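Quick notes on the structure that follows.
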Amino acid sequence: MLGNYFTFPELLIWIPLIAGIISIFIKKSNSVKWFALGSSILVLIVSVISLFYSDPSKQVQNFNYNHVSYLWMPYMGASFSVGLDSLGFIVTLLTALTFPIVFLNFHKRKIENPSLFYSLMLLFECGLMGVFVAYDMLVFYFFWILAFIPAYFLCCIWGGSRRISVGYKSFAYTFVSALLMLAGILYFYQFAPQLNPESVHSFSIMAFYTTHIEPAGQPGIFLLFFFAVAIITPVFPFHSWQPDMFEQSPFASTIVMSSVMTKMGVVIMLRWIVPMVSVGILKYETILVVLSVTGFVYGCSIAWVQDDLKKLVAWASVAQMGLIAAGIFSGNVPGFRGAMFELFNHGINILGLWMVVSIIEESTGTRKISELGGLAKKSPALTFFFMIILLANIGFPFTNSFTSKFLILAGLFSYSKWLAFIACIGIVLSAVYLLKIFRKVFYSENKNQGKPEISISIFQTLAMSVLVLLIIILGIYPDLILHFTNGIAQELMRRMGGINI
Amino acid sequence: MNAIIISALWGIILMLCAVFIKNKKLPGYIAIAGVLILILSNQYEFFAGPFFNINTRDFFRVDSLGLLINTVALVCTLILFLLNGNEIESIGSHVAEYFSLIFFVLCGVSVCSSYNTLWMLFLGLELISVPLYILVGSDKTNLKGNEASLKFFLIGMFMTAVLLLGIAFIYGGNSLGSFSINFFDMGKGHMPILIASGLILLFIAMSFRASAVPFHFWAPDVYDGAPAPIGSLMATIVKAGVFIAFLRLFENSFAAAHHEWQPLVVIVIAATLFIGNIAAVFQQSVKRMLAYSAIAQSGFMMFAIFAINAPAEEGLLLYLTVYSLATIGMFAIVSKMPDYTLDGFRGLGKAHPWLGFSATVFLLSLTGIPLTGGFTAKFYMLWAAVRDGYHFWLVVFALLCVAISSFYYFRVIQAIYFKKPESDPAEPIQISRGFKWTLSFIMFIIILLGIAPNLLIDWIYY
């Protein structure tokens, strides 16, 4: 009933946008924090309510529900059209969940110029939501760029010592790839059919899905789009900006980038590129899967040798996104389903890791593994949380990512046994570096005696508990999220012509 | 027609003011009043027709695109007067003459936007150029300005000769014996040699006026050396006039041989985008960077000549509007700074938040970030080029050049927000309230056109 009066995707964009604009004008540090937290929780509520109006049997093509469209540039055939499909439910829920948790985590921390900071964070949320719900290619491109602008400013204003050069480097990477994508969009657009009488072509998702491109022309278009995916996801060897950016940005924006922004690549792949140029992908499939698996193993081994916890988690995030990419590129039902589920799980698990690292840095003042030790005695609660999060990141049974990693590996296995085997080595490596943290940071002897006790605020405990609960619930009952993924995976397979099942 | 007549009249009125009025402030107000009258009369013509019913014997053909370009140029002039009126008044002692010369430039722009014969094209371009030769060198004490003026005058005169030679060739080779841009005999199969050489000469002359590479050598020196408001005028309002003239020249009879001269445009676009952007990367002075950026942006506007189709016309209108507004705003902010270098911009975001914010919006718009008009303008231009169906690589190349341009535009943003000033400025910048309001107005228009470009484009089909 509620769904007849509100269109959820619109609310998901407008609430953070309006809240972001308002919070510039709130000068009091405390009130802006509460305001940002409140509005992000409001978004979460909207997102959760939208789940009750969802119908997983409805697939990408079904536009009748939860889809709204206004004419925007009539002669261009662009309309402001947003909607939520099952993939949209998963990513918007992840986004809506991440922001309150981040705000809770940093509620007690002092920050310079808080009104601008929280305003940029909320605008960041607005941009990400826009990318995830856009049903029109031009709207999608708008939000794609707009999502990155707040991230750029967050990094360059509050970041570490190399913030300006790293911030621009990251912006340049994403901007170049986005511009190539724009060229691809324009090229594709000239073949898109007409949807309304005023324009010759249309940018709507429906038009893009029904466009027929000659098989010979598809690989070229795919390449133009591919760089956007490869850089944001990231796919090896286009990853080099990401660890730098994650390390230099302030924790809050790092968490959002790592757990949500990287998913933009998955969404553009599953919602746009695979249905649009499904034949073109097949030409590059082998090399793409090999690159993704290489990226996974490579990222894990780099993470192993890091001494800085923030760098370590940055590389861990990069590596695990490689596994998701491998799941997508292997192009079969378990691969797609696993990637979509892992998208949510990776978001939650990496968020947990970042939170533990930020708490450690906040109370001990260092992020170096070599300078830390014996935290288990100081804070049993943190140790408990970290253990669960660690197990979830490895993909231990009864944690959320066991199912998703299993599905991805199953997909990869049916694509190539050898690559699946190599990916398994990567998973072992991820266990190695995480257990290394556990042993050295939490259980070896205490190296910094003089440092004060680890204090976890009530807000942080709350945030951690939510994460741990989610990890365990989804571990025991994965179908809660997994049942969304089946329809889309089947639909994508139908479009790819049933090859490689 | 209204704009041509009234701007010429107002130029003469201001000339007379110079003789009779000794007050230094008054000419500025008279000029602003004149621009307002021009805008209103031009709009009156747009909706209801001209005041005077003159038989121009088809020397002029007024259409909605031309009138809209007039409006854009006039509104930009008004904004220029509002933002930089003080700077114009402080160039030298002949205040009224400066304003009067600007009105003659406006007359030239309106001739360029509605001419229908090559004579009138020549007249329009000269009406633009001759006052500019004077205006560029109007600050007699500035050596750079004098050098720029001389350089501009010499090359400009040479290019006028090229233009005349082109016109003569076209007339000589034209079996229809007409100067009208609608009646050139482009031959069947291939072009007659006289027409072809005339076309190339005209193309060279127009490219020179549009500051396209390889005819751009005068541009950075002149934009940089001229007094800031005059540089701003040349990079925006004059460019609007030149580009509408360029488009009108090539979209009529010449369109019949579109694919024969298109490679020429392709080379010029690629060179302009590449050299303009690369050169801008190495500039330390923001003013000179803007000069090179003006060249680079010309490359994008040349896409209209490349494609000559409906989106090209729409895109050119949008591009000229957005680019002119952003550039005028940037030049105005630069002219307020004590130090034109990048270091001079450090800490602007803290010291003058509104100035810093508007500069950021202008720079983002020049880069072509969505939500600003810069994106929609570039988008229309590229769509025009893609729809033309040839040379798709040029679109990809242009987009990569946009990425290069982000480097130098973002460097200014970095200086504004992220870097601390090295030393406290000797004297704080004085910003009037009107200046801030005008900047806000420009920002509003830029963002509005970024969200709803149709608000402007629909008027072409009014």
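Each chain in the structure tokens gets a letter, A, B, ..., in the order shown, and its residues are numbered from 1; ligands are numbered from 1 in order too.
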Select, as a PDB file with all heavy atoms, in the first residue's frame, those residues of chain B with any atom no more than 9 Å from chain A (distances computed using only C-alpha atoms).
ATOM      1  N   ILE B 369      32.059  18.447 -15.936  1.00  0.00           N
ATOM      2  CA  ILE B 369      31.532  17.530 -14.932  1.00  0.00           C
ATOM      3  C   ILE B 369      30.009  17.612 -14.963  1.00  0.00           C
ATOM      4  O   ILE B 369      29.467  18.707 -15.068  1.00  0.00           O
ATOM      5  CB  ILE B 369      32.056  17.925 -13.536  1.00  0.00           C
ATOM      6  CG1 ILE B 369      33.576  17.863 -13.496  1.00  0.00           C
ATOM      7  CG2 ILE B 369      31.468  17.045 -12.456  1.00  0.00           C
ATOM      8  CD1 ILE B 369      34.147  16.494 -13.531  1.00  0.00           C
ATOM      9  N   PRO B 370      29.306  16.491 -14.880  1.00  0.00           N
ATOM     10  CA  PRO B 370      27.844  16.538 -14.887  1.00  0.00           C
ATOM     11  C   PRO B 370      27.299  17.449 -13.791  1.00  0.00           C
ATOM     12  O   PRO B 370      27.986  17.702 -12.810  1.00  0.00           O
ATOM     13  CB  PRO B 370      27.449  15.090 -14.612  1.00  0.00           C
ATOM     14  CG  PRO B 370      28.564  14.300 -15.116  1.00  0.00           C
ATOM     15  CD  PRO B 370      29.786  15.110 -14.908  1.00  0.00           C
ATOM     16  N   LEU B 371      26.057  17.862 -14.006  1.00  0.00           N
ATOM     17  CA  LEU B 371      25.357  18.797 -13.138  1.00  0.00           C
ATOM     18  C   LEU B 371      25.746  20.239 -13.456  1.00  0.00           C
ATOM     19  O   LEU B 371      25.088  21.160 -13.029  1.00  0.00           O
ATOM     20  CB  LEU B 371      25.622  18.507 -11.648  1.00  0.00           C
ATOM     21  CG  LEU B 371      24.468  18.815 -10.710  1.00  0.00           C
ATOM     22  CD1 LEU B 371      23.317  17.884 -11.013  1.00  0.00           C
ATOM     23  CD2 LEU B 371      24.883  18.617  -9.263  1.00  0.00           C
ATOM     24  N   PHE B 379      28.357  17.246 -24.230  1.00  0.00           N
ATOM     25  CA  PHE B 379      27.577  16.079 -24.628  1.00  0.00           C
ATOM     26  C   PHE B 379      26.876  16.316 -25.964  1.00  0.00           C
ATOM     27  O   PHE B 379      26.927  15.474 -26.866  1.00  0.00           O
ATOM     28  CB  PHE B 379      26.565  15.785 -23.532  1.00  0.00           C
ATOM     29  CG  PHE B 379      25.690  14.614 -23.827  1.00  0.00           C
ATOM     30  CD1 PHE B 379      26.165  13.335 -23.653  1.00  0.00           C
ATOM     31  CD2 PHE B 379      24.412  14.798 -24.294  1.00  0.00           C
ATOM     32  CE1 PHE B 379      25.377  12.253 -23.940  1.00  0.00           C
ATOM     33  CE2 PHE B 379      23.611  13.723 -24.580  1.00  0.00           C
ATOM     34  CZ  PHE B 379      24.086  12.450 -24.402  1.00  0.00           C
ATOM     35  N   LEU B 382      29.434  16.264 -28.809  1.00  0.00           N
ATOM     36  CA  LEU B 382      29.908  14.924 -29.148  1.00  0.00           C
ATOM     37  C   LEU B 382      28.806  14.132 -29.826  1.00  0.00           C
ATOM     38  O   LEU B 382      29.061  13.367 -30.756  1.00  0.00           O
ATOM     39  CB  LEU B 382      30.382  14.207 -27.882  1.00  0.00           C
ATOM     40  CG  LEU B 382      31.612  14.831 -27.270  1.00  0.00           C
ATOM     41  CD1 LEU B 382      31.927  14.184 -25.950  1.00  0.00           C
ATOM     42  CD2 LEU B 382      32.794  14.663 -28.204  1.00  0.00           C
ATOM     43  N   TRP B 383      27.578  14.336 -29.369  1.00  0.00           N
ATOM     44  CA  TRP B 383      26.473  13.618 -29.997  1.00  0.00           C
ATOM     45  C   TRP B 383      26.342  14.063 -31.456  1.00  0.00           C
ATOM     46  O   TRP B 383      26.124  13.226 -32.351  1.00  0.00           O
ATOM     47  CB  TRP B 383      25.192  13.820 -29.207  1.00  0.00           C
ATOM     48  CG  TRP B 383      23.960  13.406 -29.958  1.00  0.00           C
ATOM     49  CD1 TRP B 383      22.843  14.133 -30.160  1.00  0.00           C
ATOM     50  CD2 TRP B 383      23.739  12.144 -30.605  1.00  0.00           C
ATOM     51  NE1 TRP B 383      21.945  13.419 -30.901  1.00  0.00           N
ATOM     52  CE2 TRP B 383      22.468  12.196 -31.189  1.00  0.00           C
ATOM     53  CE3 TRP B 383      24.493  10.986 -30.760  1.00  0.00           C
ATOM     54  CZ2 TRP B 383      21.927  11.143 -31.910  1.00  0.00           C
ATOM     55  CZ3 TRP B 383      23.961   9.944 -31.486  1.00  0.00           C
ATOM     56  CH2 TRP B 383      22.690  10.017 -32.044  1.00  0.00           C
ATOM     57  N   VAL B 386      28.983  12.201 -33.267  1.00  0.00           N
ATOM     58  CA  VAL B 386      28.707  10.766 -33.425  1.00  0.00           C
ATOM     59  C   VAL B 386      27.612  10.570 -34.463  1.00  0.00           C
ATOM     60  O   VAL B 386      27.685   9.685 -35.311  1.00  0.00           O
ATOM     61  CB  VAL B 386      28.286  10.152 -32.072  1.00  0.00           C
ATOM     62  CG1 VAL B 386      27.772   8.739 -32.269  1.00  0.00           C
ATOM     63  CG2 VAL B 386      29.454  10.133 -31.125  1.00  0.00           C
ATOM     64  N   ARG B 387      26.595  11.442 -34.440  1.00  0.00           N
ATOM     65  CA  ARG B 387      25.485  11.269 -35.365  1.00  0.00           C
ATOM     66  C   ARG B 387      25.926  11.490 -36.798  1.00  0.00           C
ATOM     67  O   ARG B 387      25.353  10.937 -37.726  1.00  0.00           O
ATOM     68  CB  ARG B 387      24.367  12.244 -35.012  1.00  0.00           C
ATOM     69  CG  ARG B 387      23.014  11.637 -35.322  1.00  0.00           C
ATOM     70  CD  ARG B 387      21.917  12.609 -35.073  1.00  0.00           C
ATOM     71  NE  ARG B 387      21.606  13.340 -36.285  1.00  0.00           N
ATOM     72  CZ  ARG B 387      20.553  14.125 -36.401  1.00  0.00           C
ATOM     73  NH1 ARG B 387      19.745  14.291 -35.389  1.00  0.00           N
ATOM     74  NH2 ARG B 387      20.326  14.769 -37.516  1.00  0.00           N
ATOM     75  N   PHE B 392      34.702   8.450 -35.718  1.00  0.00           N
ATOM     76  CA  PHE B 392      34.361   8.226 -34.310  1.00  0.00           C
ATOM     77  C   PHE B 392      35.591   8.364 -33.414  1.00  0.00           C
ATOM     78  O   PHE B 392      35.488   8.776 -32.261  1.00  0.00           O
ATOM     79  CB  PHE B 392      33.730   6.847 -34.125  1.00  0.00           C
ATOM     80  CG  PHE B 392      33.313   6.567 -32.718  1.00  0.00           C
ATOM     81  CD1 PHE B 392      32.243   7.235 -32.158  1.00  0.00           C
ATOM     82  CD2 PHE B 392      34.003   5.667 -31.936  1.00  0.00           C
ATOM     83  CE1 PHE B 392      31.857   7.005 -30.862  1.00  0.00           C
ATOM     84  CE2 PHE B 392      33.629   5.424 -30.626  1.00  0.00           C
ATOM     85  CZ  PHE B 392      32.547   6.098 -30.092  1.00  0.00           C
ATOM     86  N   VAL B 395      35.953  11.556 -31.549  1.00  0.00           N
ATOM     87  CA  VAL B 395      35.172  11.709 -30.320  1.00  0.00           C
ATOM     88  C   VAL B 395      35.960  11.145 -29.135  1.00  0.00           C
ATOM     89  O   VAL B 395      36.061  11.777 -28.076  1.00  0.00           O
ATOM     90  CB  VAL B 395      33.815  10.993 -30.467  1.00  0.00           C
ATOM     91  CG1 VAL B 395      33.076  10.974 -29.158  1.00  0.00           C
ATOM     92  CG2 VAL B 395      32.986  11.671 -31.524  1.00  0.00           C
ATOM     93  N   VAL B 396      36.533   9.963 -29.329  1.00  0.00           N
ATOM     94  CA  VAL B 396      37.322   9.358 -28.246  1.00  0.00           C
ATOM     95  C   VAL B 396      38.508  10.252 -27.917  1.00  0.00           C
ATOM     96  O   VAL B 396      38.821  10.510 -26.750  1.00  0.00           O
ATOM     97  CB  VAL B 396      37.779   7.946 -28.651  1.00  0.00           C
ATOM     98  CG1 VAL B 396      38.634   7.338 -27.558  1.00  0.00           C
ATOM     99  CG2 VAL B 396      36.583   7.062 -28.935  1.00  0.00           C
ATOM    100  N   LEU B 399      37.471  13.190 -25.924  1.00  0.00           N
ATOM    101  CA  LEU B 399      37.189  12.852 -24.533  1.00  0.00           C
ATOM    102  C   LEU B 399      38.484  12.674 -23.750  1.00  0.00           C
ATOM    103  O   LEU B 399      38.577  13.075 -22.584  1.00  0.00           O
ATOM    104  CB  LEU B 399      36.336  11.589 -24.473  1.00  0.00           C
ATOM    105  CG  LEU B 399      34.884  11.851 -24.845  1.00  0.00           C
ATOM    106  CD1 LEU B 399      34.134  10.566 -25.071  1.00  0.00           C
ATOM    107  CD2 LEU B 399      34.215  12.638 -23.737  1.00  0.00           C
ATOM    108  N   LEU B 400      39.495  12.097 -24.391  1.00  0.00           N
ATOM    109  CA  LEU B 400      40.777  11.969 -23.693  1.00  0.00           C
ATOM    110  C   LEU B 400      41.370  13.352 -23.423  1.00  0.00           C
ATOM    111  O   LEU B 400      42.000  13.584 -22.387  1.00  0.00           O
ATOM    112  CB  LEU B 400      41.740  11.105 -24.507  1.00  0.00           C
ATOM    113  CG  LEU B 400      41.324   9.635 -24.577  1.00  0.00           C
ATOM    114  CD1 LEU B 400      42.266   8.858 -25.465  1.00  0.00           C
ATOM    115  CD2 LEU B 400      41.303   9.025 -23.187  1.00  0.00           C
ATOM    116  N   VAL B 402      39.611  15.953 -22.806  1.00  0.00           N
ATOM    117  CA  VAL B 402      38.878  16.452 -21.634  1.00  0.00           C
ATOM    118  C   VAL B 402      39.571  15.978 -20.366  1.00  0.00           C
ATOM    119  O   VAL B 402      39.712  16.721 -19.387  1.00  0.00           O
ATOM    120  CB  VAL B 402      37.414  15.970 -21.665  1.00  0.00           C
ATOM    121  CG1 VAL B 402      36.722  16.309 -20.366  1.00  0.00           C
ATOM    122  CG2 VAL B 402      36.682  16.585 -22.817  1.00  0.00           C
ATOM    123  N   ALA B 403      40.028  14.727 -20.390  1.00  0.00           N
ATOM    124  CA  ALA B 403      40.727  14.202 -19.219  1.00  0.00           C
ATOM    125  C   ALA B 403      41.992  15.000 -18.949  1.00  0.00           C
ATOM    126  O   ALA B 403      42.300  15.325 -17.804  1.00  0.00           O
ATOM    127  CB  ALA B 403      41.059  12.726 -19.426  1.00  0.00           C
ATOM    128  N   ILE B 404      42.720  15.370 -20.031  1.00  0.00           N
ATOM    129  CA  ILE B 404      43.917  16.194 -19.828  1.00  0.00           C
ATOM    130  C   ILE B 404      43.512  17.533 -19.234  1.00  0.00           C
ATOM    131  O   ILE B 404      44.154  18.050 -18.321  1.00  0.00           O
ATOM    132  CB  ILE B 404      44.659  16.417 -21.160  1.00  0.00           C
ATOM    133  CG1 ILE B 404      45.131  15.086 -21.739  1.00  0.00           C
ATOM    134  CG2 ILE B 404      45.848  17.346 -20.968  1.00  0.00           C
ATOM    135  CD1 ILE B 404      45.767  15.226 -23.098  1.00  0.00           C
ATOM    136  N   SER B 406      41.175  18.223 -17.313  1.00  0.00           N
ATOM    137  CA  SER B 406      40.854  18.163 -15.884  1.00  0.00           C
ATOM    138  C   SER B 406      42.098  18.413 -15.048  1.00  0.00           C
ATOM    139  O   SER B 406      42.009  18.920 -13.939  1.00  0.00           O
ATOM    140  CB  SER B 406      40.236  16.813 -15.531  1.00  0.00           C
ATOM    141  OG  SER B 406      41.236  15.836 -15.395  1.00  0.00           O
ATOM    142  N   PHE B 407      43.268  18.078 -15.603  1.00  0.00           N
ATOM    143  CA  PHE B 407      44.489  18.269 -14.830  1.00  0.00           C
ATOM    144  C   PHE B 407      44.698  19.730 -14.478  1.00  0.00           C
ATOM    145  O   PHE B 407      44.884  20.077 -13.316  1.00  0.00           O
ATOM    146  CB  PHE B 407      45.694  17.740 -15.612  1.00  0.00           C
ATOM    147  CG  PHE B 407      46.993  17.926 -14.891  1.00  0.00           C
ATOM    148  CD1 PHE B 407      47.346  17.072 -13.861  1.00  0.00           C
ATOM    149  CD2 PHE B 407      47.852  18.963 -15.211  1.00  0.00           C
ATOM    150  CE1 PHE B 407      48.529  17.240 -13.177  1.00  0.00           C
ATOM    151  CE2 PHE B 407      49.028  19.141 -14.541  1.00  0.00           C
ATOM    152  CZ  PHE B 407      49.374  18.270 -13.521  1.00  0.00           C
ATOM    153  N   PHE B 410      41.734  21.264 -12.331  1.00  0.00           N
ATOM    154  CA  PHE B 410      41.711  20.796 -10.952  1.00  0.00           C
ATOM    155  C   PHE B 410      42.884  21.337 -10.153  1.00  0.00           C
ATOM    156  O   PHE B 410      42.822  21.412  -8.937  1.00  0.00           O
ATOM    157  CB  PHE B 410      41.685  19.262 -10.899  1.00  0.00           C
ATOM    158  CG  PHE B 410      40.302  18.716 -10.912  1.00  0.00           C
ATOM    159  CD1 PHE B 410      39.480  18.933 -11.998  1.00  0.00           C
ATOM    160  CD2 PHE B 410      39.795  18.013  -9.847  1.00  0.00           C
ATOM    161  CE1 PHE B 410      38.189  18.453 -12.023  1.00  0.00           C
ATOM    162  CE2 PHE B 410      38.501  17.534  -9.857  1.00  0.00           C
ATOM    163  CZ  PHE B 410      37.706  17.749 -10.951  1.00  0.00           C
ATOM    164  N   ARG B 411      43.970  21.713 -10.854  1.00  0.00           N
ATOM    165  CA  ARG B 411      45.091  22.269 -10.110  1.00  0.00           C
ATOM    166  C   ARG B 411      44.685  23.568  -9.424  1.00  0.00           C
ATOM    167  O   ARG B 411      45.127  23.871  -8.318  1.00  0.00           O
ATOM    168  CB  ARG B 411      46.267  22.504 -11.053  1.00  0.00           C
ATOM    169  CG  ARG B 411      47.571  22.213 -10.407  1.00  0.00           C
ATOM    170  CD  ARG B 411      48.630  21.963 -11.395  1.00  0.00           C
ATOM    171  NE  ARG B 411      48.613  22.951 -12.463  1.00  0.00           N
ATOM    172  CZ  ARG B 411      49.620  23.139 -13.290  1.00  0.00           C
ATOM    173  NH1 ARG B 411      50.708  22.434 -13.139  1.00  0.00           N
ATOM    174  NH2 ARG B 411      49.563  24.014 -14.253  1.00  0.00           N
ATOM    175  N   GLN B 414      42.628  22.608  -6.448  1.00  0.00           N
ATOM    176  CA  GLN B 414      43.520  22.159  -5.372  1.00  0.00           C
ATOM    177  C   GLN B 414      44.114  23.343  -4.640  1.00  0.00           C
ATOM    178  O   GLN B 414      44.188  23.360  -3.409  1.00  0.00           O
ATOM    179  CB  GLN B 414      44.641  21.303  -5.951  1.00  0.00           C
ATOM    180  CG  GLN B 414      44.198  19.908  -6.344  1.00  0.00           C
ATOM    181  CD  GLN B 414      45.197  19.230  -7.246  1.00  0.00           C
ATOM    182  OE1 GLN B 414      46.269  19.754  -7.515  1.00  0.00           O
ATOM    183  NE2 GLN B 414      44.835  18.070  -7.750  1.00  0.00           N
ATOM    184  N   TYR B 417      41.348  25.038  -2.367  1.00  0.00           N
ATOM    185  CA  TYR B 417      40.825  24.376  -1.181  1.00  0.00           C
ATOM    186  C   TYR B 417      41.856  23.627  -0.346  1.00  0.00           C
ATOM    187  O   TYR B 417      41.740  23.557   0.862  1.00  0.00           O
ATOM    188  CB  TYR B 417      39.719  23.393  -1.570  1.00  0.00           C
ATOM    189  CG  TYR B 417      38.403  24.071  -1.804  1.00  0.00           C
ATOM    190  CD1 TYR B 417      37.843  24.129  -3.055  1.00  0.00           C
ATOM    191  CD2 TYR B 417      37.745  24.678  -0.752  1.00  0.00           C
ATOM    192  CE1 TYR B 417      36.639  24.765  -3.269  1.00  0.00           C
ATOM    193  CE2 TYR B 417      36.544  25.327  -0.950  1.00  0.00           C
ATOM    194  CZ  TYR B 417      35.996  25.360  -2.214  1.00  0.00           C
ATOM    195  OH  TYR B 417      34.822  26.005  -2.402  1.00  0.00           O
ATOM    196  N   PHE B 418      42.836  22.995  -1.008  1.00  0.00           N
ATOM    197  CA  PHE B 418      43.623  22.020  -0.255  1.00  0.00           C
ATOM    198  C   PHE B 418      44.973  22.541   0.188  1.00  0.00           C
ATOM    199  O   PHE B 418      45.620  21.926   1.017  1.00  0.00           O
ATOM    200  CB  PHE B 418      43.825  20.745  -1.087  1.00  0.00           C
ATOM    201  CG  PHE B 418      42.568  20.237  -1.716  1.00  0.00           C
ATOM    202  CD1 PHE B 418      42.581  19.683  -2.977  1.00  0.00           C
ATOM    203  CD2 PHE B 418      41.369  20.321  -1.034  1.00  0.00           C
ATOM    204  CE1 PHE B 418      41.409  19.224  -3.551  1.00  0.00           C
ATOM    205  CE2 PHE B 418      40.201  19.858  -1.603  1.00  0.00           C
ATOM    206  CZ  PHE B 418      40.231  19.305  -2.869  1.00  0.00           C
ATOM    207  N   LYS B 419      45.451  23.637  -0.393  1.00  0.00           N
ATOM    208  CA  LYS B 419      46.788  24.097  -0.042  1.00  0.00           C
ATOM    209  C   LYS B 419      46.701  25.334   0.829  1.00  0.00           C
ATOM    210  O   LYS B 419      45.865  26.205   0.605  1.00  0.00           O
ATOM    211  CB  LYS B 419      47.580  24.382  -1.319  1.00  0.00           C
ATOM    212  CG  LYS B 419      47.893  23.104  -2.064  1.00  0.00           C
ATOM    213  CD  LYS B 419      48.737  23.367  -3.283  1.00  0.00           C
ATOM    214  CE  LYS B 419      49.104  22.046  -3.947  1.00  0.00           C
ATOM    215  NZ  LYS B 419      49.501  22.210  -5.330  1.00  0.00           N
ATOM    216  N   ILE B 451      21.232  20.927 -15.741  1.00  0.00           N
ATOM    217  CA  ILE B 451      20.139  20.007 -15.431  1.00  0.00           C
ATOM    218  C   ILE B 451      19.109  20.016 -16.552  1.00  0.00           C
ATOM    219  O   ILE B 451      18.616  18.974 -16.955  1.00  0.00           O
ATOM    220  CB  ILE B 451      19.491  20.392 -14.090  1.00  0.00           C
ATOM    221  CG1 ILE B 451      20.521  20.249 -12.971  1.00  0.00           C
ATOM    222  CG2 ILE B 451      18.293  19.519 -13.794  1.00  0.00           C
ATOM    223  CD1 ILE B 451      20.104  20.875 -11.690  1.00  0.00           C
ATOM    224  N   ALA B 452      18.806  21.186 -17.050  1.00  0.00           N
ATOM    225  CA  ALA B 452      17.741  21.288 -18.057  1.00  0.00           C
ATOM    226  C   ALA B 452      18.204  22.116 -19.247  1.00  0.00           C
ATOM    227  O   ALA B 452      17.824  23.278 -19.381  1.00  0.00           O
ATOM    228  CB  ALA B 452      16.495  21.899 -17.434  1.00  0.00           C
ATOM    229  N   PRO B 453      19.040  21.562 -20.125  1.00  0.00           N
ATOM    230  CA  PRO B 453      19.507  22.329 -21.279  1.00  0.00           C
ATOM    231  C   PRO B 453      18.372  22.721 -22.217  1.00  0.00           C
ATOM    232  O   PRO B 453      18.495  23.682 -22.974  1.00  0.00           O
ATOM    233  CB  PRO B 453      20.484  21.380 -21.967  1.00  0.00           C
ATOM    234  CG  PRO B 453      20.109  20.035 -21.494  1.00  0.00           C
ATOM    235  CD  PRO B 453      19.571  20.210 -20.117  1.00  0.00           C
ATOM    236  N   ASN B 454      17.261  22.011 -22.124  1.00  0.00           N
ATOM    237  CA  ASN B 454      16.141  22.304 -23.013  1.00  0.00           C
ATOM    238  C   ASN B 454      15.583  23.697 -22.822  1.00  0.00           C
ATOM    239  O   ASN B 454      15.008  24.264 -23.745  1.00  0.00           O
ATOM    240  CB  ASN B 454      15.029  21.296 -22.777  1.00  0.00           C
ATOM    241  CG  ASN B 454      15.362  19.997 -23.439  1.00  0.00           C
ATOM    242  OD1 ASN B 454      16.232  19.287 -22.972  1.00  0.00           O
ATOM    243  ND2 ASN B 454      14.717  19.708 -24.543  1.00  0.00           N
TER     244      ASN B 454
END
Inset, instruction - For Ile111 in chain A, list every protein, DNA or RNA residue within 12 Å, evaluated using only C-alpha atoms, and leave out those in the same chain fewer than 4 positions away; present the list as number ranges by chain. - result: A: 28-30, 32-33, 106-107, 115-118, 157-159, 250-252
Surrounding residues of Gly127 in chain A excluding itself and chain neighbours under 5 positions, 12 Å, only C-alpha atoms, as a short mmCIF file (atom, residue, chain, number, x, y, z; two decimals) with C-alpha atoms, in the first residue's frame:
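For reference, selection.cif as written:
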data_model
loop_
_atom_site.label_atom_id
_atom_site.label_comp_id
_atom_site.auth_asym_id
_atom_site.auth_seq_id
_atom_site.Cartn_x
_atom_site.Cartn_y
_atom_site.Cartn_z
CA LEU A 12 16.73 6.87 -1.67
CA ILE A 13 18.24 9.63 -3.82
CA TRP A 14 16.46 12.69 -2.50
CA ILE A 15 16.75 12.08 1.26
CA PRO A 16 20.58 12.04 1.32
CA LEU A 17 20.73 14.90 -1.19
CA GLY A 20 23.54 16.79 2.58
CA THR A 92 20.92 -0.10 -2.04
CA THR A 95 24.65 1.34 0.88
CA LEU A 120 30.03 15.52 1.57
CA MET A 121 29.41 12.09 3.06
CA LEU A 122 25.67 12.41 2.53
CA PHE A 132 22.43 1.90 -8.19
CA VAL A 133 18.88 2.88 -9.06
CA ALA A 134 19.36 4.62 -12.42
CA VAL A 139 21.19 9.53 -15.44
CA PHE A 140 23.51 6.65 -14.67
CA TYR A 141 26.49 8.51 -16.14
CA PHE A 142 25.55 11.67 -14.22
CA PHE A 143 25.58 9.87 -10.91
CA TRP A 144 28.64 7.84 -11.83
CA ILE A 145 30.74 11.01 -11.97
CA LEU A 146 28.91 12.75 -9.16
CA ALA A 147 29.57 9.84 -6.82
CA PHE A 148 33.27 10.34 -7.21
CA ILE A 149 33.42 14.11 -6.70
CA PRO A 150 32.65 13.97 -2.93
CA ALA A 151 35.15 11.13 -2.56
CA VAL A 256 32.39 3.77 1.97
CA MET A 257 34.64 3.52 -1.07
CA VAL A 260 30.11 0.40 -1.53
CA MET A 261 31.81 2.36 -4.31
CA MET A 264 29.50 0.30 -8.89
CA PRO B 370 27.84 16.54 -14.89
CA LEU B 371 25.36 18.80 -13.14
#
